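Below is one structure, written out as structure tokens, with a few remarks after it.
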Amino acid sequence: MTDKTDKVGGKKKVGSVESSKTTETIEEAKGVGQVGAIQKTGAISGVGKVGEDSKRRPTRTMTLAEREMLFEMVNEEAKKLFGDSKVPPEQRKIIEDAVKMAIDSGLVDEDQSQE
Amino acid sequence: MTESPTEEEDYSAETLSVEEANELVLKHRGWAESIARSVARAWNLDWQMDGLDGAAMEALIFCSRRYTPDRGVPFRGYARRRIHEASTEAARKSKGWSKDDSGTRNERLAREASVELLNLFPELRGGQLPGALDEASGEQGARAGIRQLLIGATLVTTRQGLDAASPDELMDYKKSIKLVTTLEIVHQIILWRMYWESESMRSIASSWEMDELNVIREHKVLLEFLFKALSHTKAPTPPRIRPGLKAIALKLKRSKTPSPFQEFLKREQS
């Protein structure tokens, strides 16, 4: 489409329309394909609160390879706990050993337990 | 949390055929033996001489006969605690456990305390540390779990120590007890029933007709408080009672239920 413009008081104004192109004819309309049946959606297990996902962590099983690291953590946390406490030293040793034994008994050697 | 099978469990429906169950046994035999070896290693026992291998196998067979795959729980998740429990029971009954040269008095006390820890924190049997109160994961989560175990062991050994301490030692043990008496009565009762009467959290919750989670989460809060109180010179403020426990706390207050720990100290003094 083109238009002719004249200047009115230094400003352009729209003049007459000289020509316009006609819309081309539509040659053929194709039929809409068949709409398939609506598929069933998978079950939703539940919607958590906003931010909940960032808090939930899967429970992780300890491995035998982590044994020494875990024992070191027991030593460090026991040092924090008993640093200024009134717990007798003899009892401290029993506590540390008991915690290590309880953890150790749950550490399964995965290499020896393969199917 | 995966539940271990119980004697009362209904296993009439959807269990495996004998052939299929036997296949499971063959498939997981090495794994069950590994559990027995782990228990033996922790307590310096011989997994075969002390009969842990047989106990683990028996438990494996028991679980294979009751396993129902339709429930969607993997077999190892279903059977692990049961096999661990059977191995620890066999260990405690073994000659290696009871013979006089099986370690010093303190080593024996540590072993007994570790058995109690396994009952108080059954997730250990599945190779997991107790969960952190704030659901922290990684190293922070592991440390939080270890702190719970250390406080749990402190309470267990305090009870053990009170039973067999010399007068001087008794004074030290009583200091830990006095800290517990600063807690709300309902909180003291949770600790008393768990650590002095070996009651499970499930049983406490059931006697109070409430969701077990109330007791589980409050127990974690109490252990965290005790950790802070013992590791700092200035004791923190005792924790508030969670809403789910308020009704029972009120009931205890109205019935003027005394502090079990104060009563215990009174008995010790008299």
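Just remember, in the structure tokens the first chain shown is A, the second B, etc., residues are 1-based per chain, and ligands are 1-based in the order shown.
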Identify, on the basis of only C-alpha atoms, every residue whose closest approach to stretch 50-58 of chain B does not exceed 8 Å; exclude the query and any residue fewer than 5 positions from it along the same chain; express the result as a compact mmCIF listing (two decimals) with C-alpha atoms, in the first residue's frame.
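selection30.txt was written with the following content:
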```
# COMPACT_ATOMS: atom_id res chain seq x y z
CA ARG B 29 23.37 -65.13 51.15
CA ALA B 32 23.52 -61.51 54.84
CA GLU B 33 26.95 -62.88 55.77
CA ILE B 35 25.95 -58.06 57.86
CA ALA B 36 27.02 -60.77 60.33
CA ARG B 37 30.68 -59.92 59.65
CA ALA B 40 31.29 -59.21 64.60
CA LEU B 45 34.02 -61.22 67.76
CA ILE B 83 19.24 -59.86 59.83
CA HIS B 84 21.19 -57.26 61.80
CA ALA B 86 19.45 -61.56 64.66
CA SER B 87 23.22 -61.14 64.36
CA THR B 88 23.41 -58.81 67.38
CA ALA B 90 23.57 -64.07 68.56
CA ALA B 91 26.59 -61.91 69.42
CA SER B 94 27.99 -65.86 72.32
CA LYS B 95 30.92 -67.08 74.40
CA GLY B 96 33.08 -64.33 72.95
```
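The shell of residues at most 12 Å from stretch 166-172 of chain B, with only C-alpha atoms counted and near chain neighbours (fewer than 2 positions) removed, consists of Ser85, Lys86, Val87, Pro88, Pro89, Glu90, Gln91 and Arg92 of chain A; Thr158, Arg159, Gln160, Gly161, Leu162, Asp163, Ala164, Lys174, Lys175, Ser176, Ile177, Lys178, Leu179, Leu265, Glu268 and Gln269 of chain B.
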Closest atom pairs, residues of chain A within 6 Å of chain B, only C-alpha atoms, as JSON lines:
```
{"residue": "A:Thr61", "atom": "CA", "partner": "B:Gln128", "partner_atom": "CA", "distance": 5.0}
{"residue": "A:Met62", "atom": "CA", "partner": "B:Gly127", "partner_atom": "CA", "distance": 5.4}
{"residue": "A:Leu81", "atom": "CA", "partner": "B:Ser231", "partner_atom": "CA", "distance": 4.3}
{"residue": "A:Phe82", "atom": "CA", "partner": "B:Ser231", "partner_atom": "CA", "distance": 5.9}
{"residue": "A:Ser85", "atom": "CA", "partner": "B:Leu230", "partner_atom": "CA", "distance": 5.4}
{"residue": "A:Ile94", "atom": "CA", "partner": "B:Ala110", "partner_atom": "CA", "distance": 4.9}
{"residue": "A:Ile95", "atom": "CA", "partner": "B:Ala153", "partner_atom": "CA", "distance": 5.4}
{"residue": "A:Asp97", "atom": "CA", "partner": "B:Ala110", "partner_atom": "CA", "distance": 5.8}
{"residue": "A:Ala98", "atom": "CA", "partner": "B:Ser114", "partner_atom": "CA", "distance": 4.5}
{"residue": "A:Met101", "atom": "CA", "partner": "B:Ala42", "partner_atom": "CA", "distance": 4.9}
{"residue": "A:Ala102", "atom": "CA", "partner": "B:Ser114", "partner_atom": "CA", "distance": 5.0}
{"residue": "A:Asp104", "atom": "CA", "partner": "B:Ala42", "partner_atom": "CA", "distance": 5.2}
{"residue": "A:Ser105", "atom": "CA", "partner": "B:Val39", "partner_atom": "CA", "distance": 4.3}
{"residue": "A:Gly106", "atom": "CA", "partner": "B:Gly127", "partner_atom": "CA", "distance": 4.4}
{"residue": "A:Leu107", "atom": "CA", "partner": "B:Gly127", "partner_atom": "CA", "distance": 5.6}
{"residue": "A:Val108", "atom": "CA", "partner": "B:Ile35", "partner_atom": "CA", "distance": 5.7}
{"residue": "A:Ser113", "atom": "CA", "partner": "B:Trp31", "partner_atom": "CA", "distance": 3.9}
{"residue": "A:Glu115", "atom": "CA", "partner": "B:Lys27", "partner_atom": "CA", "distance": 5.7}
```
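Distance annotation: of B:Phe225, B:Glu199, B:Gly244, B:Trp97, the residue with the minimal separation from B:Asp211 is B:Gly244; atom set is only C-alpha atoms.
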Item to check | DSSP-assigned helix (DSSP H, G or I) members of stretch 36-96 of chain B, reported as an NGL selection string | outcome: :B and (36-42 or 52-66 or 69-71 or 75-93 or 95-96)
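For the pair atom CA of B:Glu218 and atom CA of B:Lys266, the separation is 26.6 Å.
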